[in-house]
>>> print(open('input_21.tsv').read())   # TSV, C-alpha atoms and all ligand atoms
chain	number	residue	atom	x	y	z
A	216	MET	CA	69.49	-20.36	-64.70
A	217	ASN	CA	68.45	-17.04	-66.23
A	218	LEU	CA	65.18	-18.50	-67.30
A	219	GLU	CA	64.56	-19.75	-63.81
A	220	THR	CA	65.39	-16.34	-62.29
A	221	THR	CA	63.13	-14.58	-64.74
A	222	HIS	CA	60.38	-17.02	-63.96
A	223	GLN	CA	60.85	-16.45	-60.23
A	224	LYS	CA	60.74	-12.66	-60.71
A	225	SER	CA	57.57	-12.78	-62.73
A	226	SER	CA	56.01	-15.11	-60.18
A	227	LEU	CA	56.98	-12.72	-57.39
A	228	ASN	CA	55.51	-9.74	-59.28
A	229	ALA	CA	52.33	-11.70	-59.84
A	230	ASN	CA	52.15	-12.45	-56.12
A	231	ARG	CA	52.66	-8.77	-55.28
A	232	ARG	CA	49.91	-7.80	-57.68
A	233	ASP	CA	47.61	-10.42	-56.14
A	234	TRP	CA	48.37	-9.11	-52.68
A	235	ARG	CA	47.79	-5.53	-53.78
A	236	THR	CA	44.46	-6.45	-55.28
A	237	LEU	CA	43.48	-8.18	-52.03
A	238	ILE	CA	44.21	-5.21	-49.78
A	239	SER	CA	44.71	-1.58	-50.72
A	240	ARG	CA	47.21	0.69	-49.00
A	241	ARG	CA	44.35	2.58	-47.36
A	242	GLU	CA	42.87	-0.67	-46.02
A	243	PHE	CA	46.27	-1.79	-44.77
A	244	LEU	CA	46.86	1.52	-42.95
A	245	GLY	CA	43.35	1.38	-41.54
A	246	ALA	CA	43.89	-2.16	-40.24
A	247	ALA	CA	47.30	-1.22	-38.80
A	248	PHE	CA	45.77	1.81	-37.07
A	249	ALA	CA	42.88	-0.23	-35.70
A	250	SER	CA	45.30	-2.91	-34.39
A	251	SER	CA	47.50	-0.28	-32.72
A	252	LEU	CA	44.44	1.35	-31.19
A	253	ALA	CA	43.18	-2.00	-29.90
A	254	VAL	CA	46.59	-2.76	-28.31
A	255	LEU	CA	46.72	0.72	-26.77
A	256	LEU	CA	43.20	0.43	-25.38
A	257	GLY	CA	43.97	-3.05	-24.05
A	258	GLN	CA	47.07	-1.80	-22.26
A	259	SER	CA	45.16	1.17	-20.86
A	260	LEU	CA	42.40	-1.13	-19.63
A	261	VAL	CA	44.90	-3.43	-17.91
A	262	ALA	CA	46.62	-0.41	-16.30
A	263	LEU	CA	43.24	0.95	-15.16
A	264	LEU	CA	42.20	-2.39	-13.66
A	265	ASN	CA	45.53	-2.67	-11.84
A	266	PHE	CA	45.06	0.86	-10.54
A	267	LEU	CA	41.53	0.13	-9.31
A	268	LYS	CA	42.39	-3.25	-7.80
A	269	PRO	CA	42.53	-2.94	-4.01
A	270	VAL	CA	46.08	-3.19	-2.79
A	271	ASN	CA	46.37	-5.50	0.12
A	272	LYS	CA	49.86	-6.11	1.28
A	273	GLY	CA	48.88	-7.24	4.74
A	274	GLY	CA	48.18	-3.72	5.97
A	275	PHE	CA	45.18	-1.91	7.34
A	276	GLY	CA	41.99	-2.67	5.42
A	277	GLY	CA	42.68	-6.38	4.98
A	278	MET	CA	43.89	-9.43	6.88
A	279	VAL	CA	46.81	-8.45	9.06
A	280	TYR	CA	49.24	-10.89	10.65
A	281	ALA	CA	49.64	-9.82	14.27
A	282	GLY	CA	52.11	-12.46	15.48
A	283	LYS	CA	52.23	-15.83	17.21
A	284	VAL	CA	49.79	-16.39	20.05
A	285	ASP	CA	52.71	-17.10	22.40
A	286	GLU	CA	54.18	-13.66	21.71
A	287	PHE	CA	51.27	-12.04	23.56
A	288	ALA	CA	51.67	-12.34	27.30
A	289	VAL	CA	48.58	-12.65	29.47
A	290	ASN	CA	47.41	-9.22	30.68
A	291	SER	CA	49.41	-7.34	28.06
A	292	VAL	CA	48.54	-4.84	25.35
A	293	ASN	CA	50.63	-4.74	22.17
A	294	ARG	CA	50.35	-2.28	19.34
A	295	ILE	CA	50.29	-3.69	15.81
A	296	LEU	CA	51.37	-0.63	13.85
A	297	THR	CA	50.63	-1.87	10.32
A	298	GLY	CA	47.08	-2.82	11.28
A	299	ARG	CA	46.32	0.26	13.42
A	300	PHE	CA	45.09	-1.91	16.27
A	301	TYR	CA	46.16	-3.33	19.59
A	302	ILE	CA	46.13	-6.93	20.67
A	303	ALA	CA	44.96	-7.13	24.26
A	304	ARG	CA	45.46	-10.50	25.89
A	305	THR	CA	43.33	-11.29	28.89
A	306	GLU	CA	43.30	-14.55	30.84
A	307	ASP	CA	40.55	-15.75	28.51
A	308	GLY	CA	42.07	-14.86	25.17
A	309	LEU	CA	42.63	-12.08	22.66
A	310	LEU	CA	40.90	-8.90	21.59
A	311	ALA	CA	41.91	-6.78	18.59
A	312	LEU	CA	41.09	-3.16	19.49
A	313	TRP	CA	41.03	-0.50	16.78
A	314	GLN	CA	43.23	2.41	17.83
A	315	ARG	CA	40.62	4.93	16.61
A	316	CYS	CA	38.96	6.87	19.42
A	317	THR	CA	35.19	6.53	19.36
A	318	HIS	CA	34.84	10.20	20.25
A	319	LEU	CA	36.27	12.05	17.25
A	320	GLY	CA	38.64	9.50	15.76
A	321	CYS	CA	42.08	10.37	17.18
A	322	ALA	CA	44.63	7.57	17.41
A	323	VAL	CA	44.58	6.45	21.03
A	324	PRO	CA	47.89	5.38	22.57
A	325	TRP	CA	48.19	2.67	25.18
A	326	VAL	CA	49.93	4.28	28.16
A	327	GLU	CA	51.75	1.53	29.99
A	328	GLU	CA	52.44	3.62	33.11
A	329	GLU	CA	48.73	4.40	33.47
A	330	GLY	CA	47.60	0.90	32.50
A	331	GLN	CA	44.98	2.34	30.15
A	332	PHE	CA	44.36	3.84	26.75
A	333	HIS	CA	44.51	7.61	27.04
A	334	CYS	CA	43.30	9.71	24.12
A	335	PRO	CA	45.46	12.85	23.78
A	336	CYS	CA	42.71	14.82	22.04
A	337	HIS	CA	39.99	15.19	24.68
A	338	GLY	CA	41.13	12.84	27.40
A	339	SER	CA	38.96	9.76	26.88
A	340	LEU	CA	40.19	6.77	28.83
A	341	PHE	CA	39.67	3.10	27.98
A	342	ASN	CA	40.64	0.00	29.91
A	343	THR	CA	42.43	-3.05	28.49
A	344	VAL	CA	39.30	-4.45	26.86
A	345	GLY	CA	38.43	-1.04	25.39
A	346	GLU	CA	35.66	0.00	27.79
A	347	VAL	CA	35.23	3.73	28.39
A	348	ILE	CA	36.37	4.62	31.89
A	349	GLY	CA	36.53	8.37	31.43
A	350	GLY	CA	36.14	11.28	29.04
A	351	PRO	CA	33.66	12.03	26.27
A	352	ALA	CA	33.96	8.80	24.21
A	353	PRO	CA	30.41	7.47	23.71
A	354	ARG	CA	31.24	3.75	23.42
A	355	PRO	CA	34.07	1.24	23.76
A	356	LEU	CA	36.88	1.01	21.22
A	357	ASP	CA	35.78	-0.90	18.12
A	358	ILE	CA	37.15	-4.40	17.66
A	359	PHE	CA	38.19	-6.53	14.69
A	360	PRO	CA	37.52	-10.24	14.16
A	361	ILE	CA	40.46	-12.49	15.05
A	362	THR	CA	41.33	-15.82	13.44
A	363	ILE	CA	43.97	-18.09	14.91
A	364	LYS	CA	45.57	-20.48	12.41
A	365	SER	CA	48.38	-22.81	13.45
A	366	GLY	CA	49.21	-20.60	16.40
A	367	GLU	CA	49.27	-17.43	14.27
A	368	VAL	CA	47.00	-14.50	15.03
A	369	TRP	CA	45.28	-12.92	12.00
A	370	VAL	CA	43.07	-9.87	12.27
A	371	ASP	CA	40.52	-8.82	9.67
A	372	THR	CA	40.77	-5.03	9.63
A	373	SER	CA	38.15	-4.78	6.87
A	374	LYS	CA	35.40	-5.56	9.37
A	375	PRO	CA	35.40	-3.23	12.38
A	376	ILE	CA	32.77	-4.14	14.94
A	377	GLU	CA	31.05	-1.38	16.90
A	378	ARG	CA	29.88	-2.36	20.36
A	379	SER	CA	27.91	-0.61	23.03
A	380	ALA	CA	29.57	-2.54	25.83
A	381	PHE	CA	32.24	-5.11	26.48
A	382	ASP	CA	31.09	-8.71	26.58
A	383	PRO	CA	33.34	-11.72	27.24
A	384	SER	CA	31.99	-13.34	24.05
A	385	GLN	CA	34.00	-10.73	22.11
A	386	ILE	CA	37.22	-12.42	23.22
A	387	THR	CA	38.82	-14.99	20.94
A	388	GLY	CA	40.05	-17.90	23.02
A	389	ALA	CA	43.78	-18.56	22.79
A	401	LIG	S1	39.01	12.10	20.00
A	401	LIG	FE1	39.53	10.94	21.72
A	401	LIG	S2	38.65	12.00	23.33
A	401	LIG	FE2	38.06	13.16	21.62
>>> encode(input="input_21.tsv", output="structure tokens")
Amino acid sequence: MNLETTHQKSSLNANRRDWRTLISRREFLGAAFASSLAVLLGQSLVALLNFLKPVNKGGFGGMVYAGKVDEFAVNSVNRILTGRFYIARTEDGLLALWQRCTHLGCAVPWVEEEGQFHCPCHGSLFNTVGEVIGGPAPRPLDIFPITIKSGEVWVDTSKPIERSAFDPSQITGA
């Protein structure tokens, strides 16, 4: 038993010596430092990429769900707050109008009592399809492309479309 233990101890010491000859303390610390640095840099890189990745939670700047087609009555204008646009429904279909005034960029409210968009900044007026009917705005309200999938209205707010005039082809049939 003692012989066996002694043999095991000497074998263990021999192994330690072998290990020490393979890698010095300095090399071990260097490798440990390099590994820690690599992990730290990796984590920083992942955090940086997450930070830079565009956040799109269905808000302005990406695809925005506006609602079901049936929720938009004919001849109505509904504000979609998260997307910063209005859905105007005509007898022919839908238009997604950016709320940004084409004069100097104020948010333009739809004024139900007036039946028009009325910019509070300098008084530009726009009708239900976004045409200028008064004030200094140089062109109609910009629009966004609409996609209708399974009765759901989706608006791509990453692609505003400037227009010089209203044209019925701008309406998405619904
Ligand atoms: S910003 Fe709307 S009228 Fe000037």
>>> atom_distance(input="input_21.tsv", atom1="CA of Arg304 (chain A)", atom2="CA of His337 (chain A)")
26.3 Å
>>> residues_around(input="input_21.tsv", residues="Leu296 (chain A)", least_positions_apart="2", cutoff="10 Å", atoms="only C-alpha atoms", output="MDAnalysis selection string")
chainID A and resid 274:275 281 293:294 298:301 314
>>> residues_near_ligand(input="input_21.tsv", ligand="ligand LIG 401 (chain A)", cutoff="12 Å", atoms="only C-alpha atoms and all ligand atoms", output="PyMOL selection string")
chain A and resi 314-324+332-341+347-356
>>> atom_distance(input="input_21.tsv", atom1="CA of Pro383 (chain A)", atom2="CA of Glu346 (chain A)")
12.0 Å
>>> residues_around(input="input_21.tsv", residues="Gly282 (chain A)", least_positions_apart="4", cutoff="7 Å", atoms="all atoms listed in the file", output="ChimeraX atom specification")
/A:286,367-368
>>> atom_distance(input="input_21.tsv", atom1="CA of Phe287 (chain A)", atom2="CA of Thr362 (chain A)")
14.7 Å
>>> residues_around(input="input_21.tsv", residues="Thr387 (chain A)", least_positions_apart="4", cutoff="12 Å", atoms="all atoms listed in the file", output="PyMOL selection string")
chain A and resi 284+302-311+358-363+368-370+382-383
>>> write_last_selection(input="input_21.tsv", atoms="C-alpha atoms", output="PDB file, in the coordinates of the input")
ATOM      1  CA  VAL A 284      49.790 -16.390  20.050  1.00  0.00           C
ATOM      2  CA  ILE A 302      46.130  -6.930  20.670  1.00  0.00           C
ATOM      3  CA  ALA A 303      44.960  -7.130  24.260  1.00  0.00           C
ATOM      4  CA  ARG A 304      45.460 -10.500  25.890  1.00  0.00           C
ATOM      5  CA  THR A 305      43.330 -11.290  28.890  1.00  0.00           C
ATOM      6  CA  GLU A 306      43.300 -14.550  30.840  1.00  0.00           C
ATOM      7  CA  ASP A 307      40.550 -15.750  28.510  1.00  0.00           C
ATOM      8  CA  GLY A 308      42.070 -14.860  25.170  1.00  0.00           C
ATOM      9  CA  LEU A 309      42.630 -12.080  22.660  1.00  0.00           C
ATOM     10  CA  LEU A 310      40.900  -8.900  21.590  1.00  0.00           C
ATOM     11  CA  ALA A 311      41.910  -6.780  18.590  1.00  0.00           C
ATOM     12  CA  ILE A 358      37.150  -4.400  17.660  1.00  0.00           C
ATOM     13  CA  PHE A 359      38.190  -6.530  14.690  1.00  0.00           C
ATOM     14  CA  PRO A 360      37.520 -10.240  14.160  1.00  0.00           C
ATOM     15  CA  ILE A 361      40.460 -12.490  15.050  1.00  0.00           C
ATOM     16  CA  THR A 362      41.330 -15.820  13.440  1.00  0.00           C
ATOM     17  CA  ILE A 363      43.970 -18.090  14.910  1.00  0.00           C
ATOM     18  CA  VAL A 368      47.000 -14.500  15.030  1.00  0.00           C
ATOM     19  CA  TRP A 369      45.280 -12.920  12.000  1.00  0.00           C
ATOM     20  CA  VAL A 370      43.070  -9.870  12.270  1.00  0.00           C
ATOM     21  CA  ASP A 382      31.090  -8.710  26.580  1.00  0.00           C
ATOM     22  CA  PRO A 383      33.340 -11.720  27.240  1.00  0.00           C
TER      23      PRO A 383
END
>>> closest_residue(input="input_21.tsv", among="A:Gly330, A:Gly388, A:Gly366, A:Gly277", to="Val292 (chain A)", atoms="all atoms listed in the file")
A:Gly330
>>> closest_residue(input="input_21.tsv", among="A:Trp313, A:Phe248, A:Tyr280, A:Trp325", to="Asn342 (chain A)", atoms="all atoms listed in the file")
A:Trp325
>>> closest_residue(input="input_21.tsv", among="A:Ser239, A:Gln385, A:Thr297, A:Ser251", to="Val279 (chain A)", atoms="all atoms listed in the file")
A:Thr297
